[in-house]
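S.K.: So here's final38.tsv (TSV, C-alpha atoms).
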```
chain	number	residue	atom	x	y	z
A	1	MET	CA	-60.85	-19.76	-3.86
A	2	THR	CA	-64.11	-20.63	-5.63
A	3	ARG	CA	-65.51	-18.93	-8.72
A	4	PHE	CA	-68.90	-17.23	-8.44
A	5	ARG	CA	-71.22	-15.37	-10.80
A	6	VAL	CA	-72.87	-12.53	-8.92
A	7	SER	CA	-75.88	-10.76	-10.47
A	8	VAL	CA	-76.63	-7.19	-9.46
A	9	HIS	CA	-79.61	-4.99	-10.28
A	10	ILE	CA	-79.01	-1.25	-10.25
A	11	ILE	CA	-82.14	0.87	-10.46
A	12	PRO	CA	-82.90	4.59	-10.30
A	13	ARG	CA	-83.88	5.64	-6.80
A	14	ARG	CA	-87.64	5.83	-6.30
A	15	GLY	CA	-89.01	9.33	-6.53
A	16	LEU	CA	-86.37	10.53	-8.97
A	17	LEU	CA	-87.61	11.15	-12.50
A	18	ASP	CA	-86.68	8.16	-14.66
A	19	PRO	CA	-87.28	9.27	-18.27
A	20	GLN	CA	-86.49	5.85	-19.73
A	21	GLY	CA	-88.85	4.16	-17.33
A	22	LYS	CA	-91.56	6.70	-18.04
A	23	ALA	CA	-91.22	6.26	-21.82
A	24	VAL	CA	-91.54	2.49	-21.44
A	25	THR	CA	-94.51	2.89	-19.09
A	26	ASP	CA	-96.28	5.09	-21.64
A	27	ALA	CA	-95.55	2.61	-24.44
A	28	LEU	CA	-96.94	-0.29	-22.41
A	29	HIS	CA	-100.09	1.72	-21.66
A	30	THR	CA	-100.44	2.45	-25.38
A	31	LEU	CA	-100.25	-1.29	-26.04
A	32	GLY	CA	-103.15	-1.82	-23.67
A	33	PHE	CA	-101.33	-3.02	-20.56
A	34	ALA	CA	-103.49	-0.79	-18.42
A	35	ALA	CA	-102.56	-2.60	-15.21
A	36	VAL	CA	-98.93	-1.48	-15.45
A	37	GLY	CA	-98.00	1.02	-12.76
A	38	GLU	CA	-94.45	2.30	-12.98
A	39	VAL	CA	-91.56	0.82	-14.92
A	40	HIS	CA	-87.97	1.47	-13.87
A	41	VAL	CA	-85.12	0.98	-16.29
A	42	GLY	CA	-81.80	0.19	-14.70
A	43	ARG	CA	-78.79	-2.01	-15.33
A	44	HIS	CA	-78.10	-5.68	-14.73
A	45	LEU	CA	-74.48	-6.63	-14.19
A	46	VAL	CA	-73.07	-10.13	-13.93
A	47	ILE	CA	-69.73	-10.19	-12.17
A	48	GLU	CA	-67.51	-13.25	-12.28
A	49	THR	CA	-65.27	-13.25	-9.27
A	50	GLY	CA	-63.33	-15.53	-6.98
A	51	ALA	CA	-64.10	-15.72	-3.27
A	52	LYS	CA	-63.74	-18.14	-0.41
A	53	ASP	CA	-67.50	-18.62	-0.18
A	54	ALA	CA	-70.80	-17.14	-1.36
A	55	ALA	CA	-71.02	-14.68	1.52
A	56	ALA	CA	-67.57	-13.32	0.73
A	57	ALA	CA	-68.46	-13.00	-2.97
A	58	GLU	CA	-71.60	-11.07	-2.09
A	59	ALA	CA	-69.75	-8.80	0.35
A	60	SER	CA	-67.12	-8.06	-2.26
A	61	VAL	CA	-69.71	-7.14	-4.92
A	62	ARG	CA	-71.55	-4.99	-2.39
A	63	THR	CA	-68.36	-2.96	-1.92
A	64	MET	CA	-67.95	-2.73	-5.71
A	65	CYS	CA	-71.48	-1.29	-5.94
A	66	GLU	CA	-70.79	1.25	-3.24
A	67	ARG	CA	-67.50	2.38	-4.80
A	68	LEU	CA	-68.23	2.26	-8.53
A	69	LEU	CA	-71.19	0.37	-9.91
A	70	ALA	CA	-74.02	2.41	-8.37
A	71	ASN	CA	-74.20	6.15	-7.79
A	72	PRO	CA	-75.00	6.62	-4.09
A	73	VAL	CA	-76.83	9.88	-4.81
A	74	THR	CA	-79.31	8.57	-7.34
A	75	GLU	CA	-79.33	4.79	-7.55
A	76	ASP	CA	-80.14	1.76	-5.44
A	77	PHE	CA	-78.73	-1.70	-5.97
A	78	GLU	CA	-79.71	-5.19	-5.00
A	79	ILE	CA	-77.72	-8.36	-5.30
A	80	ALA	CA	-80.08	-10.70	-7.13
A	81	ALA	CA	-78.11	-13.94	-7.16
A	82	VAL	CA	-74.79	-15.47	-6.16
A	83	VAL	CA	-74.18	-18.64	-8.17
A	84	LYS	CA	-71.24	-20.99	-7.83
A	85	GLU	CA	-69.64	-21.69	-11.23
B	1	MET	CA	-51.78	32.05	-14.50
B	2	LYS	CA	-51.20	28.50	-15.68
B	3	VAL	CA	-54.19	26.34	-16.51
B	4	GLY	CA	-53.93	22.56	-16.68
B	5	ILE	CA	-56.44	20.90	-18.98
B	6	VAL	CA	-56.94	17.21	-18.32
B	7	ILE	CA	-57.43	14.92	-21.31
B	8	PHE	CA	-59.29	11.69	-20.65
B	9	PRO	CA	-59.87	9.08	-23.34
B	10	GLY	CA	-62.96	10.52	-25.03
B	11	SER	CA	-62.50	14.16	-24.00
B	12	ASN	CA	-63.33	16.44	-26.93
B	13	CYS	CA	-63.48	20.01	-25.62
B	14	GLU	CA	-59.87	20.34	-24.48
B	15	GLY	CA	-59.04	22.35	-27.63
B	16	ASP	CA	-61.87	24.80	-26.96
B	17	ALA	CA	-60.71	25.23	-23.37
B	18	PHE	CA	-57.14	25.79	-24.57
B	19	HIS	CA	-58.38	28.39	-27.10
B	20	ALA	CA	-60.33	30.23	-24.41
B	21	VAL	CA	-57.37	30.38	-22.02
B	22	VAL	CA	-54.46	30.91	-24.43
B	23	ASP	CA	-55.90	32.80	-27.41
B	24	GLN	CA	-58.66	34.79	-25.74
B	25	LEU	CA	-57.29	35.28	-22.23
B	26	GLY	CA	-53.60	35.35	-23.15
B	27	GLU	CA	-52.65	33.02	-20.30
B	28	ASP	CA	-50.63	29.79	-20.22
B	29	ALA	CA	-52.22	26.39	-20.55
B	30	VAL	CA	-50.84	22.88	-20.53
B	31	MET	CA	-52.50	19.63	-21.52
B	32	LEU	CA	-52.41	16.96	-18.81
B	33	TRP	CA	-52.85	13.29	-19.76
B	34	HIS	CA	-55.17	11.39	-17.46
B	35	LYS	CA	-52.43	8.90	-16.61
B	36	ASP	CA	-50.07	11.65	-15.45
B	37	HIS	CA	-49.30	11.96	-11.77
B	38	ASN	CA	-48.56	15.65	-11.55
B	39	LEU	CA	-50.28	18.87	-12.50
B	40	GLN	CA	-47.10	20.58	-13.78
B	41	GLY	CA	-47.56	23.54	-11.49
B	42	SER	CA	-51.02	24.46	-12.76
B	43	ASP	CA	-52.90	27.09	-10.77
B	44	VAL	CA	-56.27	26.14	-12.24
B	45	ILE	CA	-57.41	22.72	-13.43
B	46	ILE	CA	-60.05	22.34	-16.13
B	47	LEU	CA	-61.86	19.03	-16.54
B	48	PRO	CA	-63.16	19.51	-20.08
B	49	GLY	CA	-66.23	18.27	-21.89
B	50	GLY	CA	-66.48	15.11	-23.91
B	51	PHE	CA	-67.44	11.50	-23.40
B	52	SER	CA	-64.72	10.07	-21.20
B	53	TYR	CA	-64.66	6.29	-21.39
B	54	GLY	CA	-67.66	6.42	-23.73
B	55	ASP	CA	-69.88	7.44	-20.81
B	56	TYR	CA	-69.88	3.73	-19.92
B	57	LEU	CA	-71.63	2.78	-16.66
B	58	ARG	CA	-72.49	6.44	-15.89
B	59	ALA	CA	-71.02	9.62	-17.35
B	60	GLY	CA	-67.81	10.35	-15.44
B	61	ALA	CA	-67.98	7.23	-13.28
B	62	ILE	CA	-64.83	5.63	-14.66
B	63	ALA	CA	-62.80	8.76	-15.40
B	64	ARG	CA	-62.88	9.67	-11.73
B	65	PHE	CA	-60.52	6.77	-11.06
B	66	SER	CA	-57.93	7.98	-13.57
B	67	PRO	CA	-54.52	8.41	-11.92
B	68	ILE	CA	-54.51	12.20	-12.30
B	69	MET	CA	-57.78	12.55	-10.38
B	70	ALA	CA	-55.95	11.87	-7.10
B	71	GLU	CA	-53.76	14.92	-7.87
B	72	VAL	CA	-56.81	16.96	-8.86
B	73	ALA	CA	-58.52	16.04	-5.58
B	74	ALA	CA	-55.39	17.01	-3.62
B	75	HIS	CA	-55.23	20.33	-5.53
B	76	ALA	CA	-58.88	20.99	-4.64
B	77	LYS	CA	-58.30	20.05	-1.01
B	78	LYS	CA	-55.53	22.65	-0.80
B	79	GLY	CA	-57.96	25.26	-2.11
B	80	GLY	CA	-56.79	25.13	-5.73
B	81	ILE	CA	-59.35	26.02	-8.38
B	82	VAL	CA	-60.96	23.19	-10.34
B	83	LEU	CA	-63.42	23.86	-13.12
B	84	GLY	CA	-65.56	21.05	-14.51
B	85	ILE	CA	-67.39	21.72	-17.76
B	86	CYS	CA	-70.07	19.32	-19.02
B	87	ASN	CA	-68.40	15.89	-18.82
B	88	GLY	CA	-65.92	17.51	-16.43
B	89	PHE	CA	-68.85	18.49	-14.20
B	90	GLN	CA	-70.08	14.89	-14.30
B	91	ILE	CA	-66.59	13.64	-13.40
B	92	ALA	CA	-66.30	16.12	-10.50
B	93	CYS	CA	-69.67	14.98	-9.11
B	94	GLU	CA	-68.75	11.32	-9.44
B	95	ALA	CA	-65.44	12.05	-7.70
B	96	GLY	CA	-67.28	13.67	-4.80
B	97	LEU	CA	-65.62	17.03	-5.48
B	98	LEU	CA	-69.07	18.52	-6.09
B	99	PRO	CA	-72.45	17.69	-4.58
B	100	GLY	CA	-75.27	16.01	-6.48
B	101	ALA	CA	-75.36	13.94	-9.62
B	102	LEU	CA	-76.13	14.41	-13.31
B	103	LEU	CA	-78.81	12.11	-14.64
B	104	ARG	CA	-80.10	11.35	-18.11
B	105	ASN	CA	-81.99	14.33	-19.53
B	106	ASP	CA	-85.76	14.20	-19.33
B	107	VAL	CA	-85.96	14.59	-23.12
B	108	GLY	CA	-82.84	12.91	-24.51
B	109	TYR	CA	-79.70	14.48	-25.94
B	110	ARG	CA	-79.79	18.28	-26.33
B	111	SER	CA	-77.42	20.39	-28.41
B	112	MET	CA	-78.55	24.01	-28.46
B	113	PRO	CA	-77.86	27.47	-27.08
B	114	VAL	CA	-79.24	28.13	-23.61
B	115	THR	CA	-79.36	31.14	-21.33
B	116	ILE	CA	-78.07	30.86	-17.80
B	117	ARG	CA	-78.32	33.39	-15.00
B	118	VAL	CA	-75.40	34.08	-12.69
B	119	GLU	CA	-76.71	33.55	-9.16
B	120	HIS	CA	-73.61	34.37	-7.11
B	121	THR	CA	-70.33	36.08	-7.90
B	122	ASN	CA	-68.31	35.02	-4.84
B	123	THR	CA	-66.29	32.35	-6.65
B	124	ALA	CA	-63.17	32.40	-8.80
B	125	PHE	CA	-65.22	31.63	-11.91
B	126	THR	CA	-67.99	34.21	-11.45
B	127	SER	CA	-66.29	37.16	-9.75
B	128	ALA	CA	-66.13	39.31	-12.91
B	129	ALA	CA	-69.82	38.76	-13.66
B	130	LYS	CA	-72.81	40.47	-12.06
B	131	VAL	CA	-75.48	38.79	-9.98
B	132	GLY	CA	-78.45	38.24	-12.26
B	133	GLN	CA	-76.40	38.60	-15.42
B	134	CYS	CA	-77.74	36.38	-18.20
B	135	LEU	CA	-75.27	34.55	-20.43
B	136	THR	CA	-75.98	32.65	-23.63
B	137	MET	CA	-73.83	29.65	-24.47
B	138	PRO	CA	-74.26	26.16	-25.92
B	139	ILE	CA	-75.10	22.92	-24.22
B	140	ALA	CA	-74.43	19.50	-25.75
B	141	HIS	CA	-75.22	16.62	-23.43
B	142	GLY	CA	-77.47	13.67	-22.78
B	143	GLU	CA	-76.87	13.42	-19.05
B	144	GLY	CA	-77.10	16.87	-17.54
B	145	ARG	CA	-80.16	16.74	-15.32
B	146	PHE	CA	-78.80	17.95	-11.98
B	147	ALA	CA	-80.27	15.99	-9.10
B	148	ALA	CA	-79.85	15.82	-5.35
B	149	SER	CA	-82.16	15.26	-2.39
B	150	GLU	CA	-84.42	18.17	-1.47
B	151	ASP	CA	-82.39	18.68	1.74
B	152	VAL	CA	-79.17	18.98	-0.21
B	153	LEU	CA	-80.79	21.33	-2.74
B	154	ASP	CA	-82.02	23.58	0.09
B	155	GLU	CA	-78.57	23.59	1.62
B	156	LEU	CA	-76.92	24.40	-1.72
B	157	GLU	CA	-79.27	27.34	-2.25
B	158	ASN	CA	-78.89	28.63	1.30
B	159	SER	CA	-75.12	28.48	1.17
B	160	GLU	CA	-75.00	30.23	-2.23
B	161	GLN	CA	-73.54	27.18	-3.96
B	162	VAL	CA	-75.98	27.25	-6.87
B	163	LEU	CA	-74.04	29.48	-9.28
B	164	PHE	CA	-76.02	29.19	-12.52
B	165	LYS	CA	-79.67	28.55	-13.39
B	166	TYR	CA	-81.33	28.01	-16.75
B	167	VAL	CA	-83.58	30.97	-17.54
B	168	ASP	CA	-85.66	32.32	-20.41
B	169	ALA	CA	-84.87	35.48	-22.38
B	170	ALA	CA	-86.44	37.58	-19.62
B	171	GLY	CA	-84.21	35.98	-16.99
B	172	ASN	CA	-86.88	33.84	-15.37
B	173	THR	CA	-86.43	30.21	-14.32
B	174	THR	CA	-89.24	28.62	-16.30
B	175	VAL	CA	-89.90	24.99	-17.15
B	176	ALA	CA	-89.55	25.80	-20.85
B	177	ALA	CA	-86.10	27.32	-20.25
B	178	ASN	CA	-84.86	24.15	-18.58
B	179	PRO	CA	-83.24	22.04	-21.31
B	180	ASN	CA	-82.77	18.81	-19.39
B	181	GLY	CA	-85.17	18.69	-16.45
B	182	ALA	CA	-82.53	19.77	-13.93
B	183	MET	CA	-83.95	20.18	-10.42
B	184	ARG	CA	-84.65	23.85	-9.66
B	185	ASN	CA	-83.24	24.73	-13.14
B	186	ILE	CA	-79.71	24.25	-11.79
B	187	ALA	CA	-77.02	24.56	-14.49
B	188	GLY	CA	-73.94	24.87	-12.28
B	189	VAL	CA	-72.80	24.60	-8.66
B	190	CYS	CA	-69.72	24.93	-6.50
B	191	ASN	CA	-68.47	23.04	-3.47
B	192	ALA	CA	-68.75	24.39	0.07
B	193	LYS	CA	-65.22	25.85	-0.08
B	194	ARG	CA	-66.20	27.54	-3.37
B	195	ASN	CA	-63.01	26.50	-5.21
B	196	VAL	CA	-64.50	23.65	-7.25
B	197	ILE	CA	-67.02	24.80	-9.83
B	198	GLY	CA	-69.03	22.73	-12.29
B	199	LEU	CA	-71.54	23.57	-15.00
B	200	MET	CA	-73.18	21.77	-17.89
B	201	PRO	CA	-73.15	24.62	-20.48
B	202	HIS	CA	-69.96	25.34	-22.42
B	203	PRO	CA	-68.51	28.81	-21.69
B	204	GLU	CA	-65.32	27.80	-23.57
B	205	ARG	CA	-67.40	27.50	-26.74
B	206	ALA	CA	-68.75	31.02	-26.25
B	207	VAL	CA	-65.61	33.15	-26.28
B	208	ASP	CA	-65.79	34.56	-29.81
B	209	LEU	CA	-68.60	36.41	-31.59
B	210	LEU	CA	-67.59	34.60	-34.77
B	211	LEU	CA	-69.03	31.46	-33.17
B	212	GLY	CA	-72.23	33.11	-31.98
B	213	SER	CA	-71.48	34.30	-28.45
B	214	GLU	CA	-68.71	35.66	-26.29
B	215	ASP	CA	-70.74	35.49	-23.11
B	216	GLY	CA	-68.41	32.84	-21.71
B	217	LEU	CA	-65.48	35.25	-21.61
B	218	VAL	CA	-66.59	36.95	-18.41
B	219	LEU	CA	-66.30	33.63	-16.57
B	220	PHE	CA	-62.76	33.02	-17.78
B	221	GLU	CA	-61.87	36.63	-17.00
B	222	SER	CA	-62.99	35.92	-13.45
B	223	LEU	CA	-60.14	33.44	-13.18
B	224	LEU	CA	-57.72	36.28	-13.83
B	225	VAL	CA	-59.20	38.33	-11.02
B	226	ALA	CA	-58.59	35.42	-8.65
B	227	ALA	CA	-55.11	34.74	-10.02
B	228	HIS	CA	-53.98	38.33	-9.55
B	229	ALA	CA	-55.72	38.90	-6.22
```
Would you write out, as structure tokens, the structure that this file holds?
M.R.:
Amino acid sequence: MTRFRVSVHIIPRRGLLDPQGKAVTDALHTLGFAAVGEVHVGRHLVIETGAKDAAAAEASVRTMCERLLANPVTEDFEIAAVVKE
Amino acid sequence: MKVGIVIFPGSNCEGDAFHAVVDQLGEDAVMLWHKDHNLQGSDVIILPGGFSYGDYLRAGAIARFSPIMAEVAAHAKKGGIVLGICNGFQIACEAGLLPGALLRNDVGYRSMPVTIRVEHTNTAFTSAAKVGQCLTMPIAHGEGRFAASEDVLDELENSEQVLFKYVDAAGNTTVAANPNGAMRNIAGVCNAKRNVIGLMPHPERAVDLLLGSEDGLVLFESLLVAAHA
């Protein structure tokens, strides 16, 4: 069993109103960042877990996202990194 | 009728629900701790409002894994009545007992009276009301924006599962009457079997004129109709 740090991004599904993202977008436009399109505010989780290898760690975190960490109705998730400790 | 009111860590409307059932309706109620494994013979389960588990991760996301939720799900599967109010609605959605999800409001936390229109009366929580009846009661939530895919919303409307909509004083579903940006002004829904009902507004806080409204009473009285049917 090896220890891994798995990073996950959870973001509001595209097309659903994201009031936090919209507020940040508006603020950036006010600051003059005219090139900014949309901003999406989500969550970044770092999960420390044991697994036999990186693929197993990723598969395990994927299941965690499906069961608890992301809402399947309104959110998407992506596993950003799997790092051996 | 015996009503079981589930207390999660962070629930804060269980006393109001108890008052509505016991003092106003004259029925029995029992408090159920979230770590309990039985419903003590309750006919109706209320998942009350509050901030279970501090609304961490997403409102209701962690409470749904409380031990008692397996019993609540079994009760619902057998056709037993489950009522989710505010945080209880969020928990029921997260648990898959109700369709859709409740997202962060479009304008932040709202605590105010709203008017909702009864869309359908063919459930245990609306049977004593009239279709089109407008009820005023408080809301107090930051994550109450009902959302689902357009397909699911169409299906909910076609199958008469949208029970309550936010309306203005004239009974119209306007943008201004929508306190949280809920899709199609939806304030409450039921499941396909019509025995699990959820809504964001607080009928249990509107059962006494002393506190501004008794419009919530008709919904609790509906439970009696079902219990004695």
S.K.: Using all atoms listed in the file, which residue out of A:Val73, A:Val24, A:Ile11, A:Ala55 lies closest to chain B?
M.R.: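 Selected residue with least distance to chain B: A:Val73.
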S.K.: Which is closest to Gly212 (chain B) among B:Leu156, B:Leu39, B:Met112, B:Leu32, if we use only C-alpha atoms?
M.R.: B:Met112
S.K.: Looking at all atoms listed in the file, which of B:Asp43, B:Asp16, B:Asp55, B:Glu94 is the one that sits closest to chain A?
M.R.: B:Glu94
S.K.: What are the residues of chain A lining chain B at 8 Å or less? Count all atoms listed in the file, and put the answer as a compact mmCIF listing (two decimals) with C-alpha atoms, in the coordinates of the input.
M.R.:
```txt
# COMPACT_ATOMS: atom_id res chain seq x y z
CA LEU A 17 -87.61 11.15 -12.50
CA ASP A 18 -86.68 8.16 -14.66
CA PRO A 19 -87.28 9.27 -18.27
CA LEU A 68 -68.23 2.26 -8.53
CA LEU A 69 -71.19 0.37 -9.91
CA ASN A 71 -74.20 6.15 -7.79
CA VAL A 73 -76.83 9.88 -4.81
CA THR A 74 -79.31 8.57 -7.34
```
S.K.: Tell me which of B:Gly142, B:Gly54, B:Pro179, B:Gly216 sits closest to Val114 (chain B), counting all atoms listed in the file.
M.R.: B:Pro179
S.K.: Between CA of Ala128 (chain B) and CA of Ile116 (chain B), what distance in Å does the model show, to one decimal?
M.R.: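 Between these atoms lies a distance of 15.4 Å.
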S.K.: Between CA of Thr136 (chain B) and CA of Ala177 (chain B), what is the spacing in Å?
M.R.: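 If I compute the distance from CA of Ala177 (chain B) to CA of Thr136 (chain B), I get 11.9 Å.
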S.K.: Please provide the set of residues having any atom within 7 Å of Val189 (chain B), restricted to all atoms listed in the file, with same-chain residues fewer than 5 positions apart removed, written as a list in words.
M.R.: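 Once the adjacent positions are removed, what remains is Gln161, Val162, Leu163, Phe164, Ile197, Gly198 and Leu199 of chain B.
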S.K.: Between A:Ile79, A:Glu38, A:Thr49, A:Thr63, which one has atoms that come closest to Arg14 (chain A), using all atoms listed in the file?
M.R.: A:Glu38
S.K.: I need the residue nearest Gln20 (chain A) from this list: A:His40, A:Lys52, A:Arg62, A:Lys84. Use all atoms listed in the file for the distance.
M.R.: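 Result for the nearest residue to Gln20 (chain A): A:His40.
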S.K.: What does the distance between CA of Met137 (chain B) and CA of Asp215 (chain B) come to in Å, to one decimal place?
M.R.: 6.7 Å
S.K.: Skipping near chain neighbours, those fewer than 2 positions away, what residues fall within 8 Å of Met31 (chain B) using all atoms listed in the file, listed as a ChimeraX atom specification?
M.R.: /B:4-7,14,29,33
